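Colleague: Here you go, start_9.tsv (TSV, C-alpha atoms and all ligand atoms):
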chain	number	residue	atom	x	y	z
A	291	MET	CA	18.85	-63.53	259.80
A	292	ILE	CA	19.76	-66.06	262.50
A	293	LYS	CA	23.55	-65.72	262.51
A	294	ASN	CA	25.76	-62.63	262.62
A	295	THR	CA	27.47	-61.40	259.47
A	296	GLU	CA	30.33	-58.91	259.04
A	297	ASN	CA	27.75	-56.13	258.76
A	298	GLY	CA	25.23	-56.90	261.45
A	299	TYR	CA	23.95	-58.93	264.37
A	300	GLY	CA	21.65	-61.91	263.75
A	301	LEU	CA	18.44	-62.70	265.60
A	302	VAL	CA	20.04	-65.03	268.16
A	303	ALA	CA	22.64	-62.46	269.32
A	304	ILE	CA	19.96	-59.74	269.46
A	305	ILE	CA	17.50	-61.82	271.49
A	306	LEU	CA	20.24	-62.99	273.88
A	307	HIS	CA	21.51	-59.41	274.32
A	308	TRP	CA	18.14	-57.89	275.25
A	309	LEU	CA	16.87	-60.87	277.24
A	310	MET	CA	19.99	-60.76	279.38
A	311	ALA	CA	20.05	-56.95	279.70
A	312	ILE	CA	16.44	-56.87	281.00
A	313	THR	CA	17.04	-59.81	283.34
A	314	LEU	CA	20.29	-58.33	284.71
A	315	PHE	CA	18.63	-54.98	285.52
A	316	SER	CA	15.74	-56.86	287.18
A	317	LEU	CA	18.08	-59.07	289.25
A	318	PHE	CA	19.97	-55.95	290.34
A	319	GLY	CA	16.75	-54.28	291.56
A	320	LEU	CA	15.56	-57.48	293.21
A	321	GLY	CA	18.98	-57.96	294.88
A	322	LEU	CA	18.98	-54.45	296.41
A	323	TYR	CA	15.38	-54.88	297.55
A	324	MET	CA	15.68	-58.36	299.06
A	325	VAL	CA	18.73	-57.63	301.25
A	326	GLU	CA	16.64	-54.97	303.05
A	327	LEU	CA	13.98	-57.54	304.03
A	328	THR	CA	14.04	-59.30	307.39
A	329	TYR	CA	13.17	-62.86	308.28
A	330	TYR	CA	9.66	-61.70	309.28
A	331	ASP	CA	8.81	-60.21	305.86
A	332	ALA	CA	6.48	-62.43	303.83
A	333	TRP	CA	8.71	-62.34	300.76
A	334	TYR	CA	12.05	-62.86	302.54
A	335	LYS	CA	12.65	-66.42	301.38
A	336	GLY	CA	10.70	-66.14	298.13
A	337	SER	CA	12.68	-63.14	296.86
A	338	LEU	CA	16.03	-64.79	297.65
A	339	ASP	CA	14.97	-68.03	295.95
A	340	LEU	CA	13.73	-66.16	292.89
A	341	HIS	CA	17.02	-64.20	292.68
A	342	LYS	CA	19.07	-67.40	292.91
A	343	ASN	CA	16.90	-69.37	290.47
A	344	ILE	CA	16.89	-66.67	287.82
A	345	GLY	CA	20.61	-66.02	288.36
A	346	MET	CA	21.52	-69.70	287.92
A	347	THR	CA	19.32	-69.94	284.80
A	348	LEU	CA	21.02	-66.83	283.43
A	349	PHE	CA	24.36	-68.58	283.89
A	350	VAL	CA	23.22	-71.26	281.40
A	351	VAL	CA	22.06	-68.52	279.00
A	352	LEU	CA	25.44	-66.77	279.38
A	353	MET	CA	27.30	-69.99	278.48
A	354	LEU	CA	25.13	-70.35	275.35
A	355	ARG	CA	25.78	-66.71	274.48
A	356	ILE	CA	29.55	-67.05	274.84
A	357	VAL	CA	29.58	-70.22	272.69
A	358	TRP	CA	27.38	-68.48	270.11
A	359	ARG	CA	29.73	-65.52	270.03
A	360	LEU	CA	32.79	-67.74	269.62
A	361	VAL	CA	31.36	-69.80	266.73
A	362	ASN	CA	29.94	-66.71	264.99
A	363	THR	CA	31.38	-63.79	263.07
A	364	THR	CA	31.57	-60.60	265.15
A	365	PRO	CA	30.17	-57.72	263.07
A	366	LYS	CA	32.69	-55.07	262.05
A	367	ASN	CA	32.44	-51.65	263.66
A	368	SER	CA	29.65	-49.71	261.95
A	369	ASP	CA	30.86	-46.18	262.71
A	370	LYS	CA	33.26	-45.28	259.91
A	371	SER	CA	34.33	-42.09	261.71
A	372	ALA	CA	35.28	-43.90	264.97
A	373	SER	CA	38.88	-43.42	266.13
A	374	SER	CA	41.00	-46.49	266.90
A	375	VAL	CA	40.78	-45.56	270.62
A	376	GLU	CA	36.97	-45.62	270.44
A	377	ILE	CA	36.96	-48.98	268.64
A	378	LYS	CA	39.34	-50.47	271.23
A	379	ALA	CA	37.30	-49.01	274.13
A	380	ALA	CA	34.10	-50.59	272.79
A	381	HIS	CA	35.85	-53.93	272.29
A	382	TYR	CA	37.31	-54.01	275.82
A	383	ALA	CA	34.03	-52.80	277.34
A	384	HIS	CA	32.25	-55.78	275.74
A	385	ILE	CA	34.87	-58.19	277.10
A	386	ALA	CA	34.60	-56.54	280.54
A	387	LEU	CA	30.79	-56.91	280.47
A	388	TYR	CA	31.13	-60.63	279.73
A	389	ALA	CA	33.74	-61.09	282.48
A	390	LEU	CA	31.63	-59.15	285.01
A	391	MET	CA	28.53	-61.22	284.22
A	392	LEU	CA	30.49	-64.44	284.65
A	393	VAL	CA	32.24	-63.57	287.93
A	394	LEU	CA	29.03	-62.05	289.33
A	395	MET	CA	27.22	-65.33	288.79
A	396	LEU	CA	30.11	-67.35	290.24
A	397	THR	CA	30.20	-65.21	293.41
A	398	GLY	CA	26.40	-65.51	293.70
A	399	TYR	CA	26.84	-69.28	293.58
A	400	LEU	CA	29.57	-69.11	296.25
A	401	ILE	CA	27.35	-67.04	298.61
A	402	SER	CA	24.43	-69.41	298.17
A	403	THR	CA	26.45	-72.60	298.70
A	404	ALA	CA	28.66	-71.30	301.55
A	405	ASP	CA	26.79	-73.52	304.03
A	406	GLY	CA	27.66	-76.57	301.92
A	407	ARG	CA	24.10	-77.02	300.63
A	408	ALA	CA	23.23	-77.45	296.95
A	409	ILE	CA	21.13	-74.83	295.12
A	410	ASP	CA	17.75	-76.11	294.06
A	411	VAL	CA	16.96	-74.47	290.69
A	412	PHE	CA	13.18	-74.14	290.26
A	413	GLY	CA	12.81	-77.61	291.81
A	414	LEU	CA	14.18	-79.04	288.56
A	415	MET	CA	17.82	-79.62	289.38
A	416	GLN	CA	20.26	-79.45	292.28
A	417	VAL	CA	23.51	-77.60	291.67
A	418	PRO	CA	25.98	-79.04	294.19
A	419	ALA	CA	28.07	-76.85	296.50
A	420	PHE	CA	31.72	-76.23	295.67
A	421	PRO	CA	33.68	-78.99	297.49
A	422	PHE	CA	36.39	-76.62	298.79
A	423	ASN	CA	34.65	-74.06	300.96
A	424	PHE	CA	36.91	-71.31	302.36
A	425	ALA	CA	36.75	-69.31	305.60
A	426	ASN	CA	34.17	-66.47	305.63
A	427	GLN	CA	33.02	-67.56	302.17
A	428	GLU	CA	29.56	-66.03	302.51
A	429	ASP	CA	30.88	-62.59	303.59
A	430	ILE	CA	33.78	-62.43	301.13
A	431	ALA	CA	31.73	-63.64	298.14
A	432	GLY	CA	28.85	-61.36	299.26
A	433	SER	CA	31.03	-58.23	299.28
A	434	ILE	CA	32.54	-59.05	295.89
A	435	HIS	CA	29.07	-59.84	294.51
A	436	GLU	CA	27.75	-56.45	295.63
A	437	ILE	CA	30.72	-54.51	294.18
A	438	LEU	CA	30.57	-56.43	290.88
A	439	ALA	CA	26.80	-55.95	290.56
A	440	TRP	CA	27.24	-52.16	290.87
A	441	THR	CA	30.22	-52.20	288.48
A	442	LEU	CA	28.26	-54.19	285.87
A	443	ILE	CA	25.26	-51.89	286.07
A	444	LEU	CA	27.36	-48.69	285.91
A	445	LEU	CA	29.46	-50.00	283.00
A	446	SER	CA	26.34	-51.12	281.14
A	447	LEU	CA	24.83	-47.65	281.62
A	448	GLY	CA	27.99	-46.11	280.10
A	449	HIS	CA	27.72	-48.67	277.29
A	450	ALA	CA	24.04	-47.72	276.75
A	451	LEU	CA	24.94	-44.00	276.68
A	452	ALA	CA	27.59	-44.72	274.04
A	453	ALA	CA	24.95	-46.57	271.97
A	454	LEU	CA	22.54	-43.62	272.30
A	455	LYS	CA	25.30	-41.17	271.32
A	456	HIS	CA	25.91	-43.17	268.14
A	457	HIS	CA	22.22	-43.11	267.37
A	458	PHE	CA	21.28	-39.50	268.13
A	459	ILE	CA	24.54	-37.57	267.70
A	460	ASN	CA	26.59	-39.55	265.16
A	461	LYS	CA	23.38	-40.75	263.46
A	462	ASN	CA	24.76	-44.16	262.42
A	463	ASN	CA	23.20	-47.61	262.67
A	464	THR	CA	25.12	-48.94	265.73
A	465	LEU	CA	21.99	-49.15	267.91
A	466	LEU	CA	19.61	-50.19	265.11
A	467	ARG	CA	21.91	-53.13	264.32
A	468	MET	CA	21.30	-54.43	267.85
A	469	ILE	CA	17.52	-54.08	267.42
A	470	LYS	CA	16.79	-55.46	263.99
A	471	PRO	CA	18.81	-57.98	261.96
A	472	SER	CA	19.85	-56.41	258.67
A	473	HIS	CA	22.87	-57.37	256.71
A	474	GLU	CA	23.33	-54.84	253.94
B	1	LIG	C1	24.17	-67.32	289.86
B	1	LIG	C2	23.55	-66.21	290.00
B	1	LIG	C3	23.31	-65.50	291.31
B	1	LIG	C4	23.16	-65.98	292.57
B	1	LIG	C5	23.17	-67.46	293.00
B	1	LIG	C6	22.99	-64.83	293.46
B	1	LIG	C7	22.83	-64.90	294.82
B	1	LIG	C8	22.73	-63.82	295.66
B	1	LIG	C9	22.55	-63.89	297.10
B	1	LIG	C10	22.49	-65.19	297.92
B	1	LIG	C11	22.50	-62.62	297.56
B	1	LIG	C12	22.27	-62.18	299.02
B	1	LIG	C13	23.53	-61.75	299.65
B	1	LIG	C14	23.29	-61.29	301.07
B	1	LIG	O1	22.41	-61.83	301.74
B	1	LIG	O2	24.00	-60.36	301.48
B	1	LIG	C15	22.62	-61.72	296.42
B	1	LIG	C16	22.60	-60.34	296.49
B	1	LIG	C17	22.61	-59.50	295.40
B	1	LIG	N1	22.70	-59.86	294.07
B	1	LIG	FE1	22.87	-61.76	293.38
B	1	LIG	N2	23.03	-63.67	292.70
B	1	LIG	C18	23.23	-64.04	291.38
B	1	LIG	C19	23.32	-63.20	290.29
B	1	LIG	C20	23.16	-61.83	290.34
B	1	LIG	C21	23.09	-60.98	289.18
B	1	LIG	C22	23.26	-61.47	287.72
B	1	LIG	C23	22.88	-59.71	289.61
B	1	LIG	C24	22.71	-58.53	288.69
B	1	LIG	C25	23.24	-57.44	288.71
B	1	LIG	C26	22.85	-59.75	291.08
B	1	LIG	C27	22.70	-58.66	291.92
B	1	LIG	C28	22.64	-58.70	293.30
B	1	LIG	C29	22.55	-57.55	294.16
B	1	LIG	C30	22.48	-56.09	293.73
B	1	LIG	C31	22.52	-58.05	295.48
B	1	LIG	C32	22.43	-57.20	296.76
B	1	LIG	C33	23.82	-56.94	297.27
B	1	LIG	C34	23.83	-56.15	298.58
B	1	LIG	O3	23.37	-55.00	298.59
B	1	LIG	O4	24.33	-56.72	299.57
B	1	LIG	N3	23.01	-61.06	291.48
B	1	LIG	N4	22.75	-62.47	295.26
B	2	LIG	C1	23.24	-55.12	281.61
B	2	LIG	C2	23.03	-54.61	280.42
B	2	LIG	C3	23.85	-54.87	279.17
B	2	LIG	C4	24.88	-55.75	278.94
B	2	LIG	C5	25.50	-56.76	279.93
B	2	LIG	C6	25.30	-55.58	277.56
B	2	LIG	C7	26.32	-56.29	276.94
B	2	LIG	C8	26.69	-56.18	275.63
B	2	LIG	C9	27.73	-56.96	274.98
B	2	LIG	C10	28.58	-58.03	275.69
B	2	LIG	C11	27.78	-56.57	273.68
B	2	LIG	C12	28.72	-57.13	272.60
B	2	LIG	C13	27.95	-57.88	271.57
B	2	LIG	C14	27.45	-59.22	272.03
B	2	LIG	O1	28.26	-60.07	272.36
B	2	LIG	O2	26.22	-59.44	272.08
B	2	LIG	C15	26.79	-55.54	273.48
B	2	LIG	C16	26.53	-54.90	272.30
B	2	LIG	C17	25.67	-53.82	272.17
B	2	LIG	N1	24.84	-53.30	273.16
B	2	LIG	FE1	24.67	-53.95	275.04
B	2	LIG	N2	24.53	-54.60	276.97
B	2	LIG	C18	23.64	-54.14	277.93
B	2	LIG	C19	22.68	-53.15	277.75
B	2	LIG	C20	22.54	-52.38	276.63
B	2	LIG	C21	21.62	-51.25	276.48
B	2	LIG	C22	20.67	-50.77	277.60
B	2	LIG	C23	21.81	-50.75	275.22
B	2	LIG	C24	21.16	-49.58	274.50
B	2	LIG	C25	20.51	-48.58	275.00
B	2	LIG	C26	22.81	-51.58	274.56
B	2	LIG	C27	23.24	-51.42	273.28
B	2	LIG	C28	24.15	-52.22	272.62
B	2	LIG	C29	24.55	-52.05	271.22
B	2	LIG	C30	24.03	-50.99	270.26
B	2	LIG	C31	25.49	-53.05	270.94
B	2	LIG	C32	26.25	-53.28	269.60
B	2	LIG	C33	27.56	-52.55	269.69
B	2	LIG	C34	28.41	-52.68	268.44
B	2	LIG	O3	27.91	-52.99	267.36
B	2	LIG	O4	29.64	-52.50	268.58
B	2	LIG	N3	23.24	-52.56	275.45
B	2	LIG	N4	26.14	-55.32	274.69
Show me, as structure tokens, the structure contained in the file I just sent.
Modeller:
Amino acid sequence: MIKNTENGYGLVAIILHWLMAITLFSLFGLGLYMVELTYYDAWYKGSLDLHKNIGMTLFVVLMLRIVWRLVNTTPKNSDKSASSVEIKAAHYAHIALYALMLVLMLTGYLISTADGRAIDVFGLMQVPAFPFNFANQEDIAGSIHEILAWTLILLSLGHALAALKHHFINKNNTLLRMIKPSHE
């Protein structure tokens, strides 16, 4: 139930998947909203701090998820009628989603520490600034962060559509396997 098997996802992978998906969509919405605020809006600083705090926490969760994936079995493809192109596309889409999450968080860190100051995460720990700041770091990292955030959300929507297609059109257990651990 806890770990993955060849036939299905375990509880840890399922919880990490949905916890991160919900948080990523929320951070995306919060990000788009907060950059429209001005210094005089009551929630200007609060929204930015919340975005950074949750983002940095999510980085820790992502590291745990990657380690968990590496030490675990990855379930075999559940759609017996899938072509080899479809199987490869799903595999590379998953790798791309991981890479996008990682680089998105790293660019977020680079924007936030461009002035050389550490990030204070929920008042619990200080994440120091990168010691080698580069010219226009805030603008460059900010533009990449925005593009990657959109790319991640669009790719994850395509990924969600593929999951729904498997469920409603192909009528196999691809989506159910990511909802409930079952290993038959
Ligand atoms: C370590 C994690 C993260 C940190 C430290 C961080 C930090 C930041 C900062 C400082 C900004 C403001 C940029 C500006 O003022 O122009 C920003 C914008 C934004 N962030 Fe993040 N972020 C992180 C993760 C994420 C994640 C996981 C998402 C999810 C998709 C995300 C989505 C966005 C979006 C959509 C914007 C608005 C971009 C724009 O329209 O200019 N961020 N982030
Ligand atoms: C930002 C949002 C999302 C991200 C970053 C994401 C990422 C991933 C990744 C990396 C995997 C590979 C397995 C793993 O390592 O856990 C995966 C699997 C899966 N995801 Fe998502 N996902 C997101 C949203 C969704 C949504 C909204 C749905 C459904 C409507 C969904 C359905 C699935 C299914 C069914 C699998 C299993 C696929 C298989 O067995 O080959 N995901 N997801």
Colleague: Would you mind listing the residues within 9 Å of ligand LIG 2 (chain B), counting all atoms listed in the file, as a ChimeraX atom specification?
Modeller: /A:298-299,303-304,306-308,310-315,355-356,358-359,364-369,377,380-381,383-388,390-391,442-454,456-457,463-469
Colleague: Go through chain A residue by residue and, counting only C-alpha atoms and all ligand atoms, keep those with an atom at most 6 Å from ligand LIG 1 (chain B); for each kept residue give the shortest atom pair and its distance in Å to one decimal, ordered by chain and increasing number, as a Markdown table.
Modeller:
| residue | atom | partner | partner_atom | distance |
| --- | --- | --- | --- | --- |
| A:Leu314 | CA | B:LIG1 | C24 | 4.7 |
| A:Leu317 | CA | B:LIG1 | C24 | 4.7 |
| A:Phe318 | CA | B:LIG1 | C25 | 3.9 |
| A:Gly321 | CA | B:LIG1 | C31 | 3.6 |
| A:Leu322 | CA | B:LIG1 | C32 | 4.4 |
| A:Val325 | CA | B:LIG1 | O1 | 5.6 |
| A:Lys342 | CA | B:LIG1 | C5 | 4.1 |
| A:Gly345 | CA | B:LIG1 | C2 | 3.4 |
| A:Met346 | CA | B:LIG1 | C1 | 4.1 |
| A:Leu394 | CA | B:LIG1 | C19 | 5.9 |
| A:Met395 | CA | B:LIG1 | C1 | 3.8 |
| A:Leu396 | CA | B:LIG1 | C1 | 6.0 |
| A:Gly398 | CA | B:LIG1 | C4 | 3.5 |
| A:Tyr399 | CA | B:LIG1 | C5 | 4.1 |
| A:Ile401 | CA | B:LIG1 | C10 | 5.2 |
| A:Ser402 | CA | B:LIG1 | C10 | 4.7 |
| A:Gly432 | CA | B:LIG1 | C13 | 5.3 |
| A:Glu436 | CA | B:LIG1 | C33 | 4.3 |
| A:Ala439 | CA | B:LIG1 | C25 | 4.3 |
Colleague: Which distance in Å separates CA of Glu428 (chain A) and CA of Gly406 (chain A), to one decimal?
Modeller: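 Computing it gives 10.7 Å between the two atoms.
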Colleague: Determine, counting all atoms listed in the file, which protein, DNA and RNA residues have an atom within 12 Å of an atom of Trp333 (chain A); residues of the same chain fewer than 6 positions away are not included. Present the result as number ranges by chain.
Modeller: A: 320, 323-327, 339-341
Colleague: Go through A:Ala419, A:Ala389, A:Leu309, A:Val411 and flag the residue nearest Leu338 (chain A), using all atoms listed in the file for the distances.
Modeller: A:Val411
Colleague: So the first atom is CA of Thr295 (chain A) and the second is CA of Leu360 (chain A); what is the distance between them in Å, to one decimal place?
Modeller: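 CA of Thr295 (chain A) sits 13.1 Å away from CA of Leu360 (chain A).
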Colleague: For a test of reading the model, state the distance in Å between CA of Asn462 (chain A) and CA of Ala372 (chain A), rounded to one decimal.
Modeller: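 Distance reported for this atom pair: 10.8 Å.
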Colleague: Excluding same-chain residues fewer than 2 positions from region 420-425 of chain A, what lies within 9 Å of it counting all atoms listed in the file, as an MDAnalysis selection string?
Modeller: chainID A and resid 399:400 403:406 408 418 427:428 430
Colleague: For Val361 (chain A), which residue out of A:Ser374, A:Ser472, A:Thr441, A:Asn294 is the nearest one, using all atoms listed in the file?
Modeller: A:Asn294
